[in-house]
file query_37.cif (mmCIF, C-alpha atoms)
data_coords
#
loop_
_atom_site.label_atom_id
_atom_site.label_comp_id
_atom_site.auth_asym_id
_atom_site.auth_seq_id
_atom_site.Cartn_x
_atom_site.Cartn_y
_atom_site.Cartn_z
CA MET A 1 89.29 70.46 42.64
CA ASN A 2 92.73 70.79 41.05
CA PHE A 3 91.78 70.41 37.40
CA THR A 4 89.19 73.18 37.50
CA ASP A 5 92.30 75.39 37.27
CA TYR A 6 92.34 74.43 33.57
CA GLU A 7 88.66 74.94 32.86
CA TRP A 8 89.60 77.54 30.25
CA LEU A 9 91.12 74.77 28.09
CA ARG A 10 87.60 73.51 27.41
CA LYS A 11 87.03 76.43 25.05
CA ARG A 12 90.02 75.54 22.86
CA ASN A 13 88.54 72.52 21.11
CA ARG A 14 86.67 69.27 21.62
CA GLN A 15 89.81 67.19 22.16
CA LEU A 16 91.00 69.29 25.09
CA ALA A 17 87.46 69.36 26.49
CA LYS A 18 87.48 65.55 26.50
CA CYS A 19 90.89 65.57 28.19
CA LEU A 20 89.64 67.93 30.90
CA ASP A 21 86.47 65.89 31.47
CA ASP A 22 88.62 62.80 31.96
CA CYS A 23 90.91 64.64 34.38
CA LEU A 24 87.94 65.76 36.48
CA GLU A 25 86.46 62.25 36.50
CA ALA A 26 89.82 60.80 37.50
CA GLU A 27 90.20 63.32 40.33
CA ARG A 28 86.74 62.59 41.73
CA SER A 29 87.50 58.86 41.73
CA ALA A 30 90.93 58.96 43.36
CA ARG A 31 89.90 58.46 47.00
CA LEU A 32 87.11 55.94 46.37
CA ARG A 33 88.05 54.14 43.14
CA PRO A 34 91.79 54.72 42.74
CA MET A 35 92.31 52.06 40.06
CA HIS A 36 89.62 53.72 37.95
CA THR A 37 91.63 56.94 38.31
CA LEU A 38 94.67 55.28 36.73
CA VAL A 39 92.66 54.14 33.72
CA VAL A 40 90.86 57.45 33.20
CA THR A 41 94.03 59.52 33.65
CA ARG A 42 95.65 57.45 30.93
CA ARG A 43 92.64 58.17 28.72
CA ALA A 44 93.01 61.89 29.46
CA LEU A 45 96.68 61.67 28.49
CA GLU A 46 95.74 60.01 25.22
CA ASN A 47 93.28 62.80 24.39
CA LEU A 48 95.92 65.37 25.29
CA PHE A 49 98.54 63.84 22.99
CA MET A 50 96.05 63.49 20.16
CA GLU A 51 95.70 67.26 20.38
CA GLN A 52 99.48 67.69 20.57
CA CYS A 53 99.92 65.52 17.47
CA ARG A 54 97.41 67.70 15.65
CA LEU A 55 99.34 70.84 16.63
CA TYR A 56 102.64 69.43 15.38
CA ARG A 57 101.06 67.75 12.34
CA LEU A 58 101.99 64.30 13.51
CA GLU A 59 100.03 61.10 12.95
CA PHE A 60 98.65 59.56 16.13
CA THR A 61 98.90 55.76 15.96
CA ASP A 62 99.92 54.72 19.47
CA LEU A 63 100.23 56.65 22.73
CA SER A 64 103.81 55.54 23.38
CA TYR A 65 104.96 56.66 19.92
CA ALA A 66 102.95 59.88 20.22
CA ILE A 67 104.66 60.81 23.50
CA ASN A 68 108.10 60.28 21.98
CA ASP A 69 107.26 62.11 18.72
CA VAL A 70 105.68 65.12 20.43
CA CYS A 71 108.50 65.46 22.97
CA ARG A 72 111.01 65.60 20.10
CA CYS A 73 109.14 68.67 18.86
CA LEU A 74 109.12 70.47 22.21
CA ARG A 75 111.84 73.05 22.91
CA THR A 76 111.68 73.07 26.69
CA LYS A 77 110.84 70.63 29.51
CA TRP A 78 110.45 67.81 27.02
CA ARG A 79 112.28 65.35 29.24
CA GLU A 80 110.07 66.09 32.28
CA ILE A 81 106.93 65.78 30.17
CA LYS A 82 108.14 62.56 28.57
CA ASP A 83 108.96 60.90 31.92
CA ARG A 84 105.63 61.85 33.49
CA ALA A 85 103.61 60.88 30.43
CA HIS A 86 105.19 57.45 30.16
CA ASP A 87 104.63 56.84 33.88
CA ILE A 88 100.93 57.64 33.51
CA ARG A 89 100.71 55.43 30.43
CA VAL A 90 102.42 52.47 32.10
CA GLN A 91 100.37 52.66 35.28
CA GLY A 92 97.16 52.98 33.30
CA ASN A 93 98.18 49.98 31.18
CA ASP A 94 98.87 47.96 34.34
CA ASP A 95 95.29 48.37 35.42
CA VAL A 96 93.79 47.73 32.00
CA HIS A 97 95.82 44.50 31.86
CA PRO A 98 95.92 43.39 35.54
CA GLU A 99 97.29 39.95 34.71
CA GLN A 100 100.65 41.59 33.99
CA ASP A 101 101.10 42.47 37.68
CA SER A 102 98.40 40.52 39.45
CA ASP A 103 100.40 39.66 42.56
CA ARG A 104 101.09 43.32 43.39
CA LYS A 105 97.43 44.24 42.91
CA VAL A 106 96.08 41.44 45.09
CA HIS A 107 98.29 42.46 48.02
CA ALA A 108 98.08 46.25 47.62
CA THR A 109 95.97 48.01 50.23
CA THR A 110 93.43 50.60 49.23
CA GLN A 111 95.63 53.33 50.75
CA GLU A 112 98.57 52.24 48.57
CA ARG A 113 96.33 52.45 45.52
CA ILE A 114 95.07 55.88 46.58
CA ASP A 115 98.67 57.10 46.95
CA GLN A 116 99.39 55.76 43.46
CA ALA A 117 96.34 57.56 42.05
CA MET A 118 97.37 60.82 43.74
CA THR A 119 100.83 60.60 42.17
CA VAL A 120 99.41 60.03 38.69
CA LEU A 121 97.01 62.97 39.05
CA GLN A 122 99.84 65.25 40.12
CA GLU A 123 101.91 64.14 37.12
CA MET A 124 99.01 64.92 34.78
CA TYR A 125 98.54 68.33 36.39
CA GLU A 126 102.25 69.09 35.94
CA ILE A 127 102.15 68.05 32.27
CA LEU A 128 99.31 70.51 31.66
CA SER A 129 101.27 73.18 33.53
CA MET A 130 104.36 72.63 31.38
CA LEU A 131 102.38 72.64 28.14
CA TYR A 132 99.88 75.42 28.83
CA GLY A 133 101.36 77.38 31.73
CA GLN A 134 101.04 77.26 35.51
CA PRO A 135 97.71 78.77 36.65
CA ARG A 136 98.46 81.96 38.56
CA GLY A 137 98.37 81.43 42.31
CA LYS A 138 97.47 77.76 41.90
CA ALA A 139 99.32 74.55 42.72
CA PHE A 140 98.38 70.90 42.91
CA SER A 141 97.25 69.86 46.38
CA GLN A 142 95.92 66.55 47.66
CA GLU A 143 93.62 68.47 49.99
CA ARG A 144 91.75 69.70 46.91
CA ILE A 145 90.98 66.15 45.75
CA PRO A 146 87.37 65.32 46.77
CA PHE A 147 85.68 62.17 48.00
CA ASP A 148 83.61 61.78 44.83
CA ASP A 149 80.85 64.40 45.22
CA TYR A 150 82.17 65.59 48.60
CA GLU A 151 84.60 68.52 48.31
CA ILE A 152 87.04 68.82 51.22
CA ILE A 153 86.58 71.95 53.33
CA ARG A 154 89.41 71.10 55.71
CA GLN A 155 91.26 68.10 57.09
CA ILE A 156 91.35 67.55 60.85
CA SER A 157 94.65 66.51 62.39
CA ASP A 158 94.79 64.57 65.65
CA PRO A 159 98.19 64.63 67.42
CA THR A 160 97.15 61.63 69.54
CA ASN A 161 96.39 59.56 66.43
CA PRO A 162 98.27 60.84 63.35
CA GLY A 163 96.94 58.01 61.17
CA LEU A 164 93.31 58.97 61.72
CA LYS A 165 91.93 60.76 58.65
CA ARG A 166 88.98 63.04 59.23
CA TYR A 167 87.53 65.88 57.20
CA PHE A 168 84.78 68.44 57.03
CA VAL A 169 83.35 68.16 53.53
CA ARG A 170 80.66 69.77 51.38
CA GLY A 171 78.35 67.63 49.26
CA SER A 172 77.19 68.48 45.74
CA ASN A 173 73.91 69.66 47.29
CA GLY A 174 75.82 72.21 49.42
CA ARG A 175 75.33 70.27 52.67
CA THR A 176 78.21 70.27 55.14
CA CYS A 177 79.22 66.89 56.60
CA PHE A 178 81.93 65.39 58.76
CA LEU A 179 83.73 62.41 57.20
CA GLN A 180 85.88 59.75 58.83
CA CYS A 181 88.12 57.52 56.71
CA LEU A 182 88.80 54.24 58.51
CA SER A 183 90.73 51.11 57.63
CA HIS A 184 88.92 47.77 57.99
CA ARG A 185 92.21 46.09 58.79
CA GLU A 186 93.07 48.53 61.56
CA LEU A 187 89.58 48.65 63.08
CA ALA A 188 88.26 45.15 62.43
CA GLU A 189 88.07 44.56 66.18
CA LEU A 190 85.91 47.65 66.67
CA GLU A 191 83.58 47.45 63.68
CA LYS A 192 81.10 45.01 65.21
CA ARG A 193 80.93 47.14 68.38
CA ARG A 194 80.34 50.28 66.34
CA GLN A 195 77.45 48.64 64.48
CA ASP A 196 75.89 47.23 67.66
CA ALA A 197 76.18 50.53 69.55
CA ASN A 198 74.83 52.64 66.70
CA LYS A 199 71.93 50.24 66.19
CA LEU A 200 71.02 50.30 69.88
CA VAL A 201 71.03 54.10 69.99
CA TYR A 202 69.18 54.47 66.67
CA GLU A 203 66.41 52.04 67.58
CA ASN A 204 65.76 53.88 70.85
CA ARG A 205 66.06 57.41 69.48
CA ARG A 206 63.21 59.80 70.15
CA ARG A 207 62.25 63.14 68.65
CA ASN A 208 64.75 65.92 69.51
CA ASP A 209 67.05 63.27 70.98
CA ASN A 210 70.19 64.33 69.12
CA ARG A 211 73.11 64.65 71.54
CA LEU A 212 74.55 61.42 70.11
CA LEU A 213 75.62 61.74 66.46
CA LEU A 214 75.35 58.58 64.37
CA PRO A 215 77.05 58.14 61.00
CA ILE A 216 75.94 56.56 57.76
CA ASN A 217 78.27 54.50 55.59
CA LEU A 218 79.34 56.02 52.30
CA PRO A 219 79.08 53.26 49.65
CA LEU A 220 82.44 52.08 48.35
CA PRO A 221 83.54 49.66 45.63
CA TYR A 222 83.48 46.07 46.82
CA GLU A 223 87.26 45.72 46.63
CA SER A 224 87.98 48.63 49.00
CA ASP A 225 89.40 47.89 52.44
CA LEU A 226 88.44 51.37 53.69
CA LYS A 227 85.29 52.47 55.46
CA LEU A 228 83.93 56.00 55.10
CA LEU A 229 81.52 57.31 57.72
CA ILE A 230 79.49 60.49 57.13
CA TYR A 231 77.98 62.60 59.93
CA ASP A 232 75.57 65.48 59.39
CA ALA A 233 77.06 68.85 60.31
CA TYR A 234 76.53 72.57 59.76
CA PRO A 235 78.74 75.11 57.98
CA GLN A 236 79.85 76.50 61.35
CA SER A 237 80.44 73.07 62.95
CA PHE A 238 83.87 72.13 64.25
CA LEU A 239 85.47 69.51 66.44
CA LEU A 240 86.16 70.68 69.96
CA SER A 241 89.83 69.81 69.38
CA GLU A 242 89.86 72.66 66.81
CA LEU A 243 88.80 75.25 69.40
CA LYS A 244 90.75 78.45 68.73
CA THR A 245 89.52 80.77 71.53
CA GLN A 246 88.96 80.04 75.19
CA MET A 247 85.37 79.66 76.35
CA THR A 248 83.83 81.41 79.32
CA LEU A 249 83.00 79.25 82.33
CA GLU A 250 79.31 79.44 81.42
CA GLU A 251 80.03 78.21 77.87
CA ALA A 252 82.33 75.42 79.11
CA LEU A 253 79.75 74.21 81.62
CA SER A 254 77.12 74.25 78.87
CA VAL A 255 79.32 71.92 76.82
CA GLY A 256 79.72 69.71 79.88
CA LEU A 257 75.95 69.57 80.42
CA ASN A 258 75.40 68.66 76.77
CA LEU A 259 77.81 65.73 77.18
CA ILE A 260 76.08 64.66 80.40
CA GLU A 261 72.79 64.64 78.47
CA ALA A 262 74.37 62.30 75.89
CA LEU A 263 75.80 60.05 78.62
CA GLU A 264 72.43 59.88 80.36
CA LYS A 265 70.94 58.57 77.13
CA LEU A 266 73.66 55.93 76.89
CA LYS A 267 73.20 54.95 80.53
CA LYS A 268 69.48 54.33 79.99
CA LEU A 269 70.47 51.95 77.20
CA GLY A 270 73.00 50.16 79.41
CA MET A 271 75.98 51.78 77.67
CA TYR A 272 79.07 53.81 78.58
CA HIS A 273 81.17 55.73 76.07
CA ARG A 274 84.64 55.13 77.61
CA SER A 275 86.65 57.23 75.15
CA ILE A 276 85.58 60.87 75.50
CA TYR A 277 88.06 63.55 74.43
CA PRO A 278 87.82 66.79 72.35
CA GLY A 279 88.36 64.93 69.08
CA CYS A 280 85.08 63.00 69.40
CA ILE A 281 82.93 66.02 70.26
CA MET A 282 81.30 68.10 67.53
CA VAL A 283 80.43 71.68 68.43
CA GLU A 284 78.39 74.40 66.77
CA SER A 285 77.34 77.89 67.73
CA GLY A 286 74.05 78.01 69.62
CA GLU A 287 71.06 80.05 68.46
CA ASN A 288 71.28 82.31 71.53
CA GLY A 289 75.05 82.41 71.75
CA GLY A 290 77.32 79.89 73.38
CA TYR A 291 77.84 76.42 71.97
CA GLU A 292 75.98 73.17 71.42
CA ALA A 293 78.02 69.98 71.81
CA TYR A 294 77.38 66.48 70.41
CA LEU A 295 79.10 63.18 71.15
CA MET A 296 80.38 60.83 68.43
CA ASP A 297 82.39 57.61 68.08
CA LEU A 298 80.77 54.70 69.92
CA GLN A 299 83.18 52.03 68.67
CA THR A 300 84.80 51.50 72.09
CA SER A 301 81.61 51.86 74.13
CA LYS A 302 80.64 49.39 76.83
CA ILE A 303 77.35 47.59 76.20
CA THR A 304 76.42 45.86 79.45
CA SER A 305 74.11 43.40 77.68
CA SER A 306 76.94 42.20 75.42
CA ASN A 307 79.65 39.69 76.28
CA VAL A 308 81.88 40.99 73.49
CA THR A 309 84.77 43.12 74.76
CA VAL A 310 87.03 45.65 73.05
CA ASN A 311 89.13 46.30 76.12
CA ALA A 312 92.38 45.36 74.38
CA LYS A 313 91.99 48.34 72.05
CA LEU A 314 91.21 50.61 74.98
CA VAL A 315 94.40 49.67 76.85
CA SER A 316 96.58 51.14 74.08
CA ALA A 317 94.31 54.19 73.75
CA TYR A 318 94.43 54.84 77.50
CA ASP A 319 98.21 54.84 77.73
CA SER A 320 99.03 58.35 79.08
CA SER A 321 95.68 59.85 77.94
CA GLN A 322 94.90 62.98 79.96
CA TYR A 323 91.18 62.20 79.70
CA VAL A 324 91.52 58.93 81.60
CA PRO A 325 92.40 58.54 85.32
CA SER A 326 96.13 57.81 85.47
CA ILE A 327 95.55 54.73 87.62
CA LEU A 328 94.12 53.05 84.49
CA TRP A 329 97.10 53.78 82.25
CA GLY A 330 98.45 50.55 80.82
CA LYS A 331 96.33 48.44 83.18
CA THR A 332 94.08 45.46 82.48
CA LEU A 333 90.61 46.97 82.21
CA GLU A 334 88.49 44.64 84.27
CA ASN A 335 85.81 45.41 86.86
CA ILE A 336 85.94 49.13 86.08
CA ASP A 337 83.21 51.61 87.02
CA TRP A 338 82.87 52.99 83.49
CA GLU A 339 80.40 55.70 84.47
CA LYS A 340 83.13 57.33 86.53
CA VAL A 341 85.61 57.06 83.67
CA ASP A 342 83.14 59.05 81.54
CA VAL A 343 82.58 61.57 84.36
CA TYR A 344 86.35 62.10 84.66
CA ALA A 345 86.62 62.72 80.90
CA VAL A 346 83.77 65.25 80.89
CA CYS A 347 85.42 67.18 83.74
CA LYS A 348 88.69 67.30 81.79
CA VAL A 349 86.86 68.41 78.63
CA VAL A 350 85.39 71.37 80.55
CA LEU A 351 88.92 72.38 81.57
CA PHE A 352 90.02 72.07 77.93
CA CYS A 353 87.27 74.51 76.93
CA LEU A 354 88.59 77.07 79.43
CA ASP A 355 92.25 76.62 78.51
CA ASN A 356 93.70 73.54 76.84
CA SER A 357 96.79 73.69 79.08
CA LEU A 358 94.55 72.97 82.10
CA VAL A 359 94.09 69.40 80.87
CA GLN A 360 97.63 68.65 82.04
CA ILE A 361 97.19 69.75 85.67
CA ASN A 362 96.64 67.32 88.55
CA ASN A 363 95.66 69.71 91.37
CA THR A 364 93.57 72.85 91.83
CA SER A 365 96.48 75.27 92.38
CA ARG A 366 96.12 76.82 88.93
CA PHE A 367 92.48 77.63 89.56
CA ARG A 368 93.66 80.94 91.06
CA GLU A 369 94.40 82.09 87.49
CA TYR A 370 90.68 81.76 86.72
CA PRO A 371 88.63 83.82 89.21
CA GLN A 372 85.35 82.04 88.45
CA LEU A 373 86.96 78.68 89.23
CA ALA A 374 88.82 79.97 92.28
CA GLN A 375 85.68 81.52 93.78
CA SER A 376 83.55 78.41 93.32
CA GLY A 377 83.74 76.08 96.28
CA THR A 378 81.59 73.58 94.40
CA LEU A 379 84.01 73.32 91.45
CA ARG A 380 87.11 73.33 93.66
CA ASN A 381 85.76 70.43 95.67
CA LEU A 382 84.63 68.61 92.52
CA TYR A 383 88.03 68.84 90.85
CA ALA A 384 89.89 68.00 94.04
CA ARG A 385 88.07 64.65 93.93
CA ILE A 386 88.68 64.29 90.18
CA PHE A 387 92.43 64.84 90.60
CA GLN A 388 92.57 62.25 93.42
CA PRO A 389 90.23 59.52 92.11
CA GLY A 390 91.28 57.02 94.76
CA PRO A 391 91.25 53.21 94.53
CA ASP A 392 88.50 51.90 92.26
CA LEU A 393 87.74 55.53 91.28
CA ARG A 394 85.65 55.85 94.44
CA ASN A 395 86.30 59.59 94.84
CA ILE A 396 84.93 60.46 91.40
CA PRO A 397 81.26 61.54 91.61
CA THR A 398 78.43 59.86 89.77
CA LEU A 399 76.93 61.30 86.60
CA GLU A 400 73.95 62.56 88.60
CA LYS A 401 76.16 64.38 91.12
CA LEU A 402 78.24 65.89 88.31
CA LYS A 403 75.09 67.22 86.66
CA GLU A 404 73.97 68.81 89.95
CA ALA A 405 77.35 70.54 90.36
CA PHE A 406 77.45 71.85 86.79
CA LEU A 407 73.84 73.07 86.92
CA HIS A 408 74.48 74.85 90.23
CA GLU A 409 77.50 76.69 88.84
CA SER A 410 75.84 77.39 85.49
CA ASN A 411 72.93 79.09 87.24
CA ASN A 412 75.36 81.27 89.23
CA CYS A 413 77.45 82.38 86.22
#
call {"tool": "encode", "arguments": {"input": "query_37.cif", "output": "structure tokens"}}
result
Amino acid sequence: MNFTDYEWLRKRNRQLAKCLDDCLEAERSARLRPMHTLVVTRRALENLFMEQCRLYRLEFTDLSYAINDVCRCLRTKWREIKDRAHDIRVQGNDDVHPEQDSDRKVHATTQERIDQAMTVLQEMYEILSMLYGQPRGKAFSQERIPFDDYEIIRQISDPTNPGLKRYFVRGSNGRTCFLQCLSHRELAELEKRRQDANKLVYENRRRNDNRLLLPINLPLPYESDLKLLIYDAYPQSFLLSELKTQMTLEEALSVGLNLIEALEKLKKLGMYHRSIYPGCIMVESGENGGYEAYLMDLQTSKITSSNVTVNAKLVSAYDSSQYVPSILWGKTLENIDWEKVDVYAVCKVVLFCLDNSLVQINNTSRFREYPQLAQSGTLRNLYARIFQPGPDLRNIPTLEKLKEAFLHESNNC
């Protein structure tokens, strides 16, 4: 957290300790209760200027007067401090007295409020820096602002969806989790499908049946239009899209077999994933080396027993995706063999594990750069069919045939 940089101020006196406690509370609230952050940051500012009035032997009667009086006593940076302090005061007042700006508040999205809270926190941090000195080697960063009790370990970027906000976080109990921050307005179409799919998988889950990761909802204030989903993870967990080093063929096939196991579970439930790519696959190091892979994100899945469709959302997602047969790009998604769409994606994911540039190829000519691929007639034939899916995807093998091919090659590695 940012304001732990000023933990040493707590030892000065009770007034600064109260200011610091308010700053920490405001920072923890920013992503979940941003309007609370505005109020508490204003309270922190008031405690800070009470202390400043004491130092300069001024009478504290009103925060606005105190800011002006103290800044007249400062020799340097008084204008910067004054501007920031008044901004914090005004924004905090706006939330204490919402009727003064009710129209703006009714129509503001949660993300706009979060951005406002972030700005106010940074201004408070800068005021402390100007009054008490910049902590050595420290600077304010939004990535250090937690989700309440969940400290951010790292944020995950997704070039295919820059607006998607995902993080690995650490809870107050030390547990590592994966967190997705979603907008109800953006994903309203998909929310019902997510709930139905997760429920179907959860109700049919058996012991040690864990290739499909299901989230829990992080409680939010009733007025929030965001949705936070938490997945269990391990300290060494990462998304496959974060892969830094190339896998061996044996490791890549193991990931593919893990995904096939997850898809087999879905198939038994009358479901197909339909949107497999490295960003929806969580990976961790296996006990005996290699990797273990898990499949997430069922919001665009096909449930054969349901008449509800989310195909419209898929059409935009499929446009130029390298994990979808090109014959489906921009097309109306009707009467599709979804099992083969999933098979195609798994085959492309295996190539990504070997070398992410292989995802772009559309023939087997580059296999000669990878001896294990070039020497495997089974894989060459498999990918020749994948690269030429044919009308109605008829050339793409079934899930069962894909499993046979991967197992055969895995045993020969």
call {"tool": "atom_distance", "arguments": {"input": "query_37.cif", "atom1": "CA of Val359 in chain A", "atom2": "CA of Cys347 in chain A"}}
result
9.4 Å
call {"tool": "axis_aligned_box", "arguments": {"input": "query_37.cif", "around": "range 369-381 of chain A", "padding_each_side": "5 Å", "output": "lines of an AutoDock Vina configuration file"}}
result
center_x = 88.0
center_y = 77.1
center_z = 91.5
size_x = 22.8
size_y = 23.4
size_z = 19.6
call {"tool": "resolve_selection", "arguments": {"input": "query_37.cif", "expression": "the PyMOL selection byres ((chain A and resi 70) around 8)", "output": "number ranges by chain"}}
result
A: 49, 52-53, 56, 58, 66-69, 71-74
call {"tool": "write_last_selection", "arguments": {"input": "query_37.cif", "atoms": "C-alpha atoms", "output": "PDB file, in the frame of the given file"}}
result
ATOM      1  CA  PHE A  49      98.540  63.840  22.990  1.00  0.00           C
ATOM      2  CA  GLN A  52      99.480  67.690  20.570  1.00  0.00           C
ATOM      3  CA  CYS A  53      99.920  65.520  17.470  1.00  0.00           C
ATOM      4  CA  TYR A  56     102.640  69.430  15.380  1.00  0.00           C
ATOM      5  CA  LEU A  58     101.990  64.300  13.510  1.00  0.00           C
ATOM      6  CA  ALA A  66     102.950  59.880  20.220  1.00  0.00           C
ATOM      7  CA  ILE A  67     104.660  60.810  23.500  1.00  0.00           C
ATOM      8  CA  ASN A  68     108.100  60.280  21.980  1.00  0.00           C
ATOM      9  CA  ASP A  69     107.260  62.110  18.720  1.00  0.00           C
ATOM     10  CA  CYS A  71     108.500  65.460  22.970  1.00  0.00           C
ATOM     11  CA  ARG A  72     111.010  65.600  20.100  1.00  0.00           C
ATOM     12  CA  CYS A  73     109.140  68.670  18.860  1.00  0.00           C
ATOM     13  CA  LEU A  74     109.120  70.470  22.210  1.00  0.00           C
TER      14      LEU A  74
END
call {"tool": "atom_distance", "arguments": {"input": "query_37.cif", "atom1": "CA of Tyr323 in chain A", "atom2": "CA of Leu179 in chain A"}}
result
23.7 Å
call {"tool": "resolve_selection", "arguments": {"input": "query_37.cif", "expression": "the PyMOL selection byres ((chain A and resi 269) around 12)", "output": "ChimeraX atom specification"}}
result
/A:196-205,262-268,270-273,301-306
